[in-house]
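S.K.: Next comes the structure file model-v3.tsv, holding TSV, C-alpha atoms.
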chain	number	residue	atom	x	y	z
A	1	MET	CA	115.86	98.58	71.40
A	2	ALA	CA	113.08	96.78	73.26
A	3	ASN	CA	111.44	95.87	69.96
A	4	VAL	CA	114.78	94.95	68.42
A	5	LEU	CA	115.55	92.60	71.30
A	6	ARG	CA	112.10	91.09	71.51
A	7	ASN	CA	112.21	90.09	67.87
A	8	SER	CA	115.40	88.70	68.04
A	9	ALA	CA	118.70	75.41	84.32
A	10	LYS	CA	117.62	74.93	87.26
A	11	PHE	CA	115.68	77.58	89.08
A	12	GLY	CA	115.47	78.61	92.68
A	13	CYS	CA	113.19	81.26	94.11
A	14	SER	CA	114.89	84.62	94.08
A	15	GLY	CA	114.14	87.25	96.64
A	16	VAL	CA	111.56	85.29	98.63
A	17	LEU	CA	112.87	86.93	101.77
A	18	SER	CA	114.93	89.60	100.09
A	19	GLN	CA	113.08	92.46	101.66
A	20	LEU	CA	113.84	91.02	105.07
A	21	SER	CA	117.60	91.24	104.72
A	22	ILE	CA	119.99	94.10	105.25
A	23	HIS	CA	123.66	94.38	106.08
A	24	SER	CA	125.19	95.60	109.27
A	25	ARG	CA	127.86	98.24	108.85
A	26	HIS	CA	130.43	95.54	109.54
A	27	GLY	CA	129.29	93.58	106.49
A	28	ARG	CA	127.44	90.75	108.21
A	29	GLU	CA	123.94	89.98	107.11
A	30	CYS	CA	121.28	90.80	109.63
A	31	VAL	CA	117.52	90.54	109.57
A	32	SER	CA	115.56	93.61	110.49
A	33	PRO	CA	111.83	94.15	110.95
A	34	CYS	CA	112.11	97.30	108.85
A	35	PHE	CA	112.70	95.05	105.83
A	36	SER	CA	109.72	92.87	106.57
A	37	LEU	CA	106.70	92.04	104.50
A	38	GLN	CA	105.10	94.90	102.66
A	39	GLN	CA	102.27	96.23	104.77
A	40	ARG	CA	99.03	95.97	102.86
A	41	ASN	CA	98.79	99.31	101.14
A	42	ASN	CA	95.45	98.96	99.38
A	43	SER	CA	94.90	102.65	98.80
A	44	THR	CA	94.40	103.89	95.27
A	45	SER	CA	97.38	106.22	95.55
A	46	PRO	CA	99.98	105.46	92.89
A	47	LYS	CA	103.04	103.44	93.83
A	48	ILE	CA	104.98	105.09	91.00
A	49	LYS	CA	105.30	108.79	90.18
A	50	VAL	CA	106.74	109.87	86.84
A	51	ASP	CA	107.86	113.36	85.86
A	52	LEU	CA	108.93	113.91	82.25
A	53	ASP	CA	110.85	117.07	81.40
A	54	ASN	CA	109.98	117.68	77.77
A	55	SER	CA	112.77	120.22	77.42
A	56	THR	CA	115.45	117.62	78.20
A	57	GLY	CA	113.68	114.41	77.21
A	58	VAL	CA	114.47	112.93	80.64
A	59	ALA	CA	111.89	111.25	82.88
A	60	VAL	CA	112.33	110.66	86.62
A	61	LEU	CA	110.46	107.62	87.92
A	62	ARG	CA	110.03	107.73	91.69
A	63	MET	CA	109.07	104.60	93.58
A	64	GLN	CA	106.76	105.58	96.44
A	65	SER	CA	105.29	102.44	97.98
A	66	PRO	CA	105.99	102.46	101.74
A	67	PRO	CA	107.46	101.04	103.78
A	68	VAL	CA	110.18	99.62	101.50
A	69	ASN	CA	109.06	99.67	97.83
A	70	SER	CA	108.49	95.91	97.89
A	71	LEU	CA	107.89	94.46	94.45
A	72	SER	CA	104.27	93.33	94.71
A	73	LEU	CA	102.17	92.35	91.70
A	74	ASP	CA	100.38	95.71	91.82
A	75	PHE	CA	103.71	97.56	92.08
A	76	LEU	CA	105.26	95.64	89.19
A	77	THR	CA	102.19	96.13	87.01
A	78	GLU	CA	102.20	99.86	87.61
A	79	PHE	CA	105.96	100.02	87.04
A	80	CYS	CA	105.68	98.20	83.69
A	81	ILE	CA	102.76	100.32	82.51
A	82	ASN	CA	104.69	103.51	83.20
A	83	LEU	CA	107.81	102.13	81.53
A	84	GLU	CA	105.82	101.20	78.43
A	85	LYS	CA	104.23	104.66	78.24
A	86	LEU	CA	107.65	106.31	78.39
A	87	GLU	CA	109.02	103.87	75.81
A	88	MET	CA	106.25	104.87	73.40
A	89	ASP	CA	106.78	108.59	74.00
A	90	LYS	CA	109.23	109.69	71.31
A	91	SER	CA	110.12	112.79	73.32
A	92	CYS	CA	111.51	110.65	76.18
A	93	ARG	CA	115.14	109.66	75.64
A	94	GLY	CA	116.34	109.00	79.19
A	95	LEU	CA	114.95	107.51	82.39
A	96	ILE	CA	116.18	107.94	85.98
A	97	ILE	CA	114.78	105.56	88.60
A	98	THR	CA	114.88	106.52	92.27
A	99	SER	CA	112.95	106.23	95.54
A	100	THR	CA	111.02	108.72	97.64
A	101	LEU	CA	111.53	106.59	100.75
A	102	SER	CA	114.20	107.16	103.36
A	103	LYS	CA	117.08	104.66	103.47
A	104	VAL	CA	115.69	102.26	100.86
A	105	PHE	CA	115.70	102.08	97.07
A	106	SER	CA	113.76	98.81	96.85
A	107	ALA	CA	113.85	95.92	99.29
A	108	GLY	CA	113.00	93.27	96.70
A	109	LEU	CA	110.10	90.91	96.17
A	110	ASP	CA	107.03	91.12	98.39
A	111	ILE	CA	106.86	88.00	100.56
A	112	MET	CA	103.07	88.17	100.70
A	113	GLU	CA	102.90	87.56	96.95
A	114	MET	CA	104.36	84.11	97.60
A	115	TYR	CA	102.71	82.99	100.82
A	116	GLY	CA	99.36	81.23	100.76
A	117	LYS	CA	98.71	82.06	97.13
A	118	SER	CA	97.38	79.75	94.43
A	119	PRO	CA	99.76	78.40	91.78
A	120	GLU	CA	97.98	80.58	89.24
A	121	ARG	CA	98.56	83.72	91.28
A	122	CYS	CA	102.22	82.81	91.88
A	123	GLY	CA	102.68	82.32	88.15
A	124	GLU	CA	101.09	85.68	87.41
A	125	PHE	CA	103.39	87.33	89.93
A	126	TRP	CA	106.56	85.75	88.53
A	127	LYS	CA	105.57	86.69	84.98
A	128	ALA	CA	105.33	90.30	86.20
A	129	VAL	CA	108.84	90.07	87.69
A	130	GLN	CA	110.12	88.80	84.35
A	131	GLU	CA	108.29	91.57	82.50
A	132	MET	CA	109.81	94.27	84.70
A	133	TRP	CA	113.31	93.00	83.89
A	134	LEU	CA	112.63	92.52	80.17
A	135	LYS	CA	111.25	96.03	79.75
A	136	LEU	CA	114.03	97.65	81.76
A	137	TYR	CA	117.03	95.65	80.53
A	138	GLY	CA	115.87	95.98	76.91
A	139	SER	CA	114.75	99.61	77.04
A	140	ASN	CA	115.49	101.95	74.15
A	141	MET	CA	115.97	104.73	76.69
A	142	ALA	CA	119.22	105.51	78.45
A	143	THR	CA	118.53	104.37	82.02
A	144	ILE	CA	120.19	105.39	85.29
A	145	ALA	CA	119.48	103.98	88.75
A	146	ALA	CA	119.75	106.73	91.38
A	147	ILE	CA	120.15	104.42	94.37
A	148	ASN	CA	119.42	106.46	97.48
A	149	GLY	CA	119.17	103.57	99.93
A	150	SER	CA	119.60	99.83	100.37
A	151	SER	CA	118.79	97.63	97.41
A	152	PRO	CA	118.95	93.88	98.11
A	153	ALA	CA	117.92	91.01	95.81
A	154	GLY	CA	115.06	92.16	93.55
A	155	GLY	CA	116.03	95.77	94.17
A	156	CYS	CA	119.55	94.94	93.04
A	157	LEU	CA	118.14	93.28	89.91
A	158	MET	CA	116.28	96.47	89.07
A	159	SER	CA	119.46	98.50	89.58
A	160	ILE	CA	121.68	96.33	87.38
A	161	GLY	CA	118.97	96.34	84.74
A	162	CYS	CA	119.83	99.99	84.17
A	163	ASP	CA	122.69	101.29	82.03
A	164	TYR	CA	124.39	103.17	84.87
A	165	ARG	CA	124.18	103.15	88.66
A	166	ILE	CA	124.80	106.04	91.05
A	167	MET	CA	124.58	105.18	94.76
A	168	ALA	CA	124.53	107.23	97.94
A	169	ASP	CA	127.95	107.18	99.61
A	170	ASN	CA	126.71	105.70	102.86
A	171	PRO	CA	128.36	102.53	104.23
A	172	ARG	CA	125.12	101.57	105.96
A	173	TYR	CA	123.40	101.08	102.62
A	174	SER	CA	123.85	97.73	100.89
A	175	ILE	CA	123.19	96.15	97.52
A	176	GLY	CA	123.54	92.64	96.15
A	177	LEU	CA	121.87	89.37	95.21
A	178	ASN	CA	121.86	87.69	98.62
A	179	GLU	CA	119.60	84.71	97.88
A	180	THR	CA	121.88	81.89	99.02
A	181	GLN	CA	122.07	83.35	102.53
A	182	LEU	CA	118.38	82.51	102.68
A	183	GLY	CA	118.80	78.99	101.29
A	184	ILE	CA	117.50	79.78	97.82
A	185	VAL	CA	119.05	80.22	94.38
A	186	ALA	CA	118.95	83.20	92.03
A	187	PRO	CA	117.44	82.26	88.63
A	188	PHE	CA	119.67	82.14	85.58
A	189	TRP	CA	118.66	85.55	84.28
A	190	PHE	CA	119.53	87.22	87.59
A	191	LYS	CA	122.90	85.48	87.36
A	192	ASP	CA	123.47	86.44	83.74
A	193	THR	CA	122.70	90.10	84.45
A	194	LEU	CA	125.15	90.14	87.35
A	195	VAL	CA	127.88	88.46	85.27
A	196	ASN	CA	127.36	91.07	82.56
A	197	THR	CA	127.80	93.77	85.21
A	198	VAL	CA	130.73	92.67	87.37
A	199	GLY	CA	132.33	89.76	85.48
A	200	ASN	CA	132.22	86.03	86.04
A	201	ARG	CA	134.52	85.68	89.07
A	202	ALA	CA	133.02	88.53	91.10
A	203	ALA	CA	129.53	87.26	90.25
A	204	GLU	CA	130.46	83.72	91.29
A	205	LEU	CA	131.69	84.86	94.69
A	206	SER	CA	128.74	87.18	95.12
A	207	LEU	CA	126.12	84.56	94.30
A	208	GLU	CA	127.67	81.59	96.09
A	209	LEU	CA	128.17	83.54	99.31
A	210	GLY	CA	124.98	85.60	98.99
A	211	LEU	CA	126.91	88.80	99.54
A	212	LEU	CA	125.41	92.18	100.25
A	213	TYR	CA	127.96	94.91	99.54
A	214	SER	CA	128.26	98.22	101.30
A	215	ALA	CA	128.23	101.17	98.92
A	216	PRO	CA	132.05	101.51	98.91
A	217	ASP	CA	132.52	97.78	98.30
A	218	ALA	CA	129.89	97.80	95.56
A	219	LEU	CA	131.90	100.49	93.79
A	220	LYS	CA	135.10	98.44	94.07
A	221	ILE	CA	133.65	95.44	92.22
A	222	GLY	CA	131.75	97.51	89.65
A	223	LEU	CA	128.26	96.73	90.97
A	224	VAL	CA	127.69	100.49	91.01
A	225	ASP	CA	129.48	103.04	88.86
A	226	GLN	CA	129.65	106.08	91.11
A	227	LEU	CA	129.20	107.14	94.74
A	228	VAL	CA	128.06	110.63	95.69
A	229	PRO	CA	126.73	112.30	98.86
A	230	GLU	CA	123.19	111.21	99.61
A	231	ASP	CA	121.67	114.60	98.87
A	232	GLN	CA	123.34	114.69	95.45
A	233	VAL	CA	122.24	111.32	94.06
A	234	LEU	CA	119.41	112.63	91.90
A	235	SER	CA	121.16	115.80	90.71
A	236	THR	CA	124.24	113.77	89.77
A	237	ALA	CA	122.04	111.33	87.86
A	238	GLN	CA	120.52	114.23	85.95
A	239	ASP	CA	123.96	115.66	85.12
A	240	THR	CA	125.21	112.23	84.06
A	241	MET	CA	122.16	111.63	81.89
A	242	SER	CA	122.92	114.76	79.88
A	243	LYS	CA	126.26	113.19	78.94
A	244	TRP	CA	124.61	109.94	77.87
A	245	LEU	CA	122.17	111.83	75.66
A	246	VAL	CA	124.99	113.50	73.73
A	247	VAL	CA	125.46	110.14	72.00
A	248	PRO	CA	123.08	109.71	69.03
A	249	ASP	CA	120.20	107.49	70.09
A	250	HIS	CA	120.45	105.00	67.24
A	251	ALA	CA	124.15	104.32	67.85
A	252	ARG	CA	123.65	103.84	71.59
A	253	GLN	CA	120.56	101.67	71.13
A	254	ILE	CA	122.18	99.34	68.58
A	255	THR	CA	125.27	98.99	70.77
A	256	LYS	CA	123.11	98.21	73.79
A	257	SER	CA	121.25	95.62	71.74
A	258	MET	CA	124.50	93.90	70.78
A	259	MET	CA	125.54	93.74	74.42
A	260	ARG	CA	122.25	92.55	75.90
A	261	LYS	CA	120.33	90.66	73.21
A	262	GLN	CA	121.72	87.22	74.02
A	263	THR	CA	120.85	87.55	77.70
A	264	ILE	CA	117.31	88.71	76.94
A	265	ASP	CA	116.71	86.06	74.30
A	266	LYS	CA	117.72	83.36	76.77
A	267	LEU	CA	114.86	84.29	79.10
A	268	LEU	CA	112.40	84.78	76.24
A	269	SER	CA	113.20	81.26	75.02
A	270	ASN	CA	112.72	79.75	78.48
A	271	ARG	CA	110.08	82.01	79.94
A	272	GLU	CA	107.31	79.46	80.52
A	273	ALA	CA	109.72	76.91	81.98
A	274	ASP	CA	111.08	79.58	84.32
A	275	ILE	CA	107.56	80.36	85.55
A	276	THR	CA	106.75	76.68	85.98
A	277	ASN	CA	109.91	76.11	88.00
A	278	PHE	CA	109.22	79.12	90.22
A	279	VAL	CA	105.64	78.01	90.93
A	280	SER	CA	106.77	74.45	91.67
A	281	PHE	CA	109.38	75.72	94.10
A	282	ILE	CA	107.42	78.38	95.93
A	283	THR	CA	104.31	76.23	96.47
A	284	LYS	CA	106.24	73.39	98.11
A	285	ASP	CA	104.94	72.64	101.60
A	286	SER	CA	108.43	73.08	103.07
A	287	ILE	CA	108.84	76.54	101.53
A	288	GLN	CA	105.37	77.62	102.63
A	289	ARG	CA	106.12	76.44	106.17
A	290	SER	CA	109.33	78.47	106.20
A	291	LEU	CA	107.47	81.55	105.04
A	292	ARG	CA	104.77	81.03	107.66
A	293	MET	CA	107.34	80.64	110.44
A	294	TYR	CA	109.08	83.80	109.36
A	295	LEU	CA	105.83	85.77	109.26
A	296	GLU	CA	104.91	84.49	112.74
A	297	MET	CA	108.31	85.56	114.02
A	298	LEU	CA	107.77	89.06	112.64
A	299	LYS	CA	104.32	89.28	114.25
A	300	SER	CA	105.74	88.21	117.62
A	301	ARG	CA	108.41	90.91	117.39
A	302	LYS	CA	105.76	93.55	116.82
A	303	ALA	CA	103.60	92.32	119.71
What is this file in C-alpha cells?

M.R.:
Amino acid sequence: MANVLRNSAKFGCSGVLSQLSIHSRHGRECVSPCFSLQQRNNSTSPKIKVDLDNSTGVAVLRMQSPPVNSLSLDFLTEFCINLEKLEMDKSCRGLIITSTLSKVFSAGLDIMEMYGKSPERCGEFWKAVQEMWLKLYGSNMATIAAINGSSPAGGCLMSIGCDYRIMADNPRYSIGLNETQLGIVAPFWFKDTLVNTVGNRAAELSLELGLLYSAPDALKIGLVDQLVPEDQVLSTAQDTMSKWLVVPDHARQITKSMMRKQTIDKLLSNREADITNFVSFITKDSIQRSLRMYLEMLKSRKA
C-alpha cells in the first residue's frame, strides 16, 4: 500500500522534550532524568535488530538504542532502511515493533538533534521523522506495536502509526502526545493520526491538555487496543498477527489505503512547508535558550 498511497497549518515543534517526560502513577506529568537526552551512542552497533521468520512471514523489529530509544537522525535512518527492506521482501507480510529496553518503548525525539544544530541539519532531521511516519503509516505489511514500556510523544506517534497496539498492563507506563505540557504544538499530521485512532473529541482533549495516559486509561479511550501482562506482550502480538494474516493481503491493503490515504496525502502535499516551519521554530533564539537551560539543569542533577 505504500506505493499506492505515495502515488495518490500552523506547525509547532513536536517532541522537543518528549523524551524528558513521563507520568507519575497518579497521572500527573513529571520530569525524570531517565528520560533525558540520548547519551551519545556513537558505536557501530545497530540501533535496530530485525528477525524475519520465513515460515510465518512475520518480522520482529526490536529497537535497541539505550538508554531510551530516542529518535535520533541515525536511529530514524536505520529504522527506515530496515522498514524499506522488509517492504520489498515479498515473503514478509507482517511486522511487530517492540523494544529491548526495560520500561521504555521509545521516549520520542532526541533533544540533541535540535539543540545547537544548523538549519540544514534540523531540516534533515525533520525530514527523517516524516519519512519514518510515511513508511510506517502507509506500509503494505500488517503492523503491530508491542508496547513494553512508556511511549510519549514521538514514541506514541510510532505506536499509532501501526495497525494494532498491544501494551503492557502496567499503570506506571504511559503513552500520549504530551506536547502542550511543554509549551509546544503537535504538527497537523500527528494530530490527524491521533484523530483517526481515538476520534475527534478524545484527540482534542488529549492534545489541548497534553495528556499522557496510563496503560489502563489508554485502553479506555482506544489509544491502545489490548493490555496484557508485561511478559506476554510479544507472544500476544505474534498470536494476534496470525489472525491478521488470515485476511487476504490485497483486501487488507486496499482497505487500509482507503482509510489512510487522505491523511498521508495531506503531509505529502505540504511536506516542504512542514519542514520549513519546523526549522523556523526550532532555531528561534528563545527555543534554543530553553533547550540549553534544560540541558544545564540535567547536567547539574547528575553532578

S.K.: Point out the residue among A:Leu73, A:Cys122, A:Ala142, A:Leu61 with the least atom-to-atom distance to Thr276 in chain A, counting all atoms listed in the file.

M.R.: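 Residue with the minimum atom-to-atom distance to Thr276 in chain A: A:Cys122.
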
S.K.: Name all residues at most 12 Å from Arg201 in chain A (count all atoms listed in the file; drop same-chain ones fewer than 6 positions away) and give them as a PyMOL selection string.

M.R.: chain A and resi 191+194-195+207-208+221

S.K.: Skip Asn148 in chain A itself and residues of its chain fewer than 3 positions away, then list as a compact mmCIF listing (two decimals) with C-alpha atoms, in the frame of the given file all residues within 10 Å of it, counting all atoms listed in the file.

M.R.:
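File part-v4.txt, as written:
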# COMPACT_ATOMS: atom_id res chain seq x y z
CA THR A 98 114.88 106.52 92.27
CA SER A 99 112.95 106.23 95.54
CA THR A 100 111.02 108.72 97.64
CA LEU A 101 111.53 106.59 100.75
CA SER A 102 114.20 107.16 103.36
CA LYS A 103 117.08 104.66 103.47
CA VAL A 104 115.69 102.26 100.86
CA PHE A 105 115.70 102.08 97.07
CA SER A 106 113.76 98.81 96.85
CA ALA A 145 119.48 103.98 88.75
CA SER A 151 118.79 97.63 97.41
CA ILE A 166 124.80 106.04 91.05
CA MET A 167 124.58 105.18 94.76
CA ALA A 168 124.53 107.23 97.94
CA ASP A 169 127.95 107.18 99.61
CA ASN A 170 126.71 105.70 102.86
CA TYR A 173 123.40 101.08 102.62
CA VAL A 228 128.06 110.63 95.69
CA PRO A 229 126.73 112.30 98.86
CA GLU A 230 123.19 111.21 99.61
CA ASP A 231 121.67 114.60 98.87
CA GLN A 232 123.34 114.69 95.45
CA VAL A 233 122.24 111.32 94.06
CA LEU A 234 119.41 112.63 91.90

S.K.: Could you check which of A:Ala146, A:Leu212, A:Met112, A:Leu223 is closest to Ile160 in chain A, using all atoms listed in the file?

M.R.: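 Smallest separation from Ile160 in chain A among the options: A:Leu223.
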
S.K.: Nearest to Cys80 in chain A among A:Ala273, A:Leu182, A:Val198, A:Val129, with distances taken over all atoms listed in the file: which residue is it?

M.R.: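 Going through A:Ala273, A:Leu182, A:Val198, A:Val129 one by one, the smallest distance to Cys80 in chain A is for A:Val129.
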
S.K.: Using only C-alpha atoms for the distances, tell me which of A:Thr255, A:Thr263, A:Ser91, A:Ser45 is nearest to Pro66 in chain A.

M.R.: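 Ranked by minimum distance to Pro66 in chain A, first place goes to A:Ser45.
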
S.K.: Measure the distance from CA of Gln262 in chain A to CA of Ala202 in chain A in Å and round it to one decimal.

M.R.: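 If I compute the distance from CA of Gln262 in chain A to CA of Ala202 in chain A, I get 20.5 Å.
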
S.K.: With all atoms listed in the file as the counted atoms, please give the residues lying no more than 9 Å from Arg62 in chain A, apart from itself and same-chain residues fewer than 5 positions off, as a PyMOL selection string.

M.R.: chain A and resi 47-51+96-100
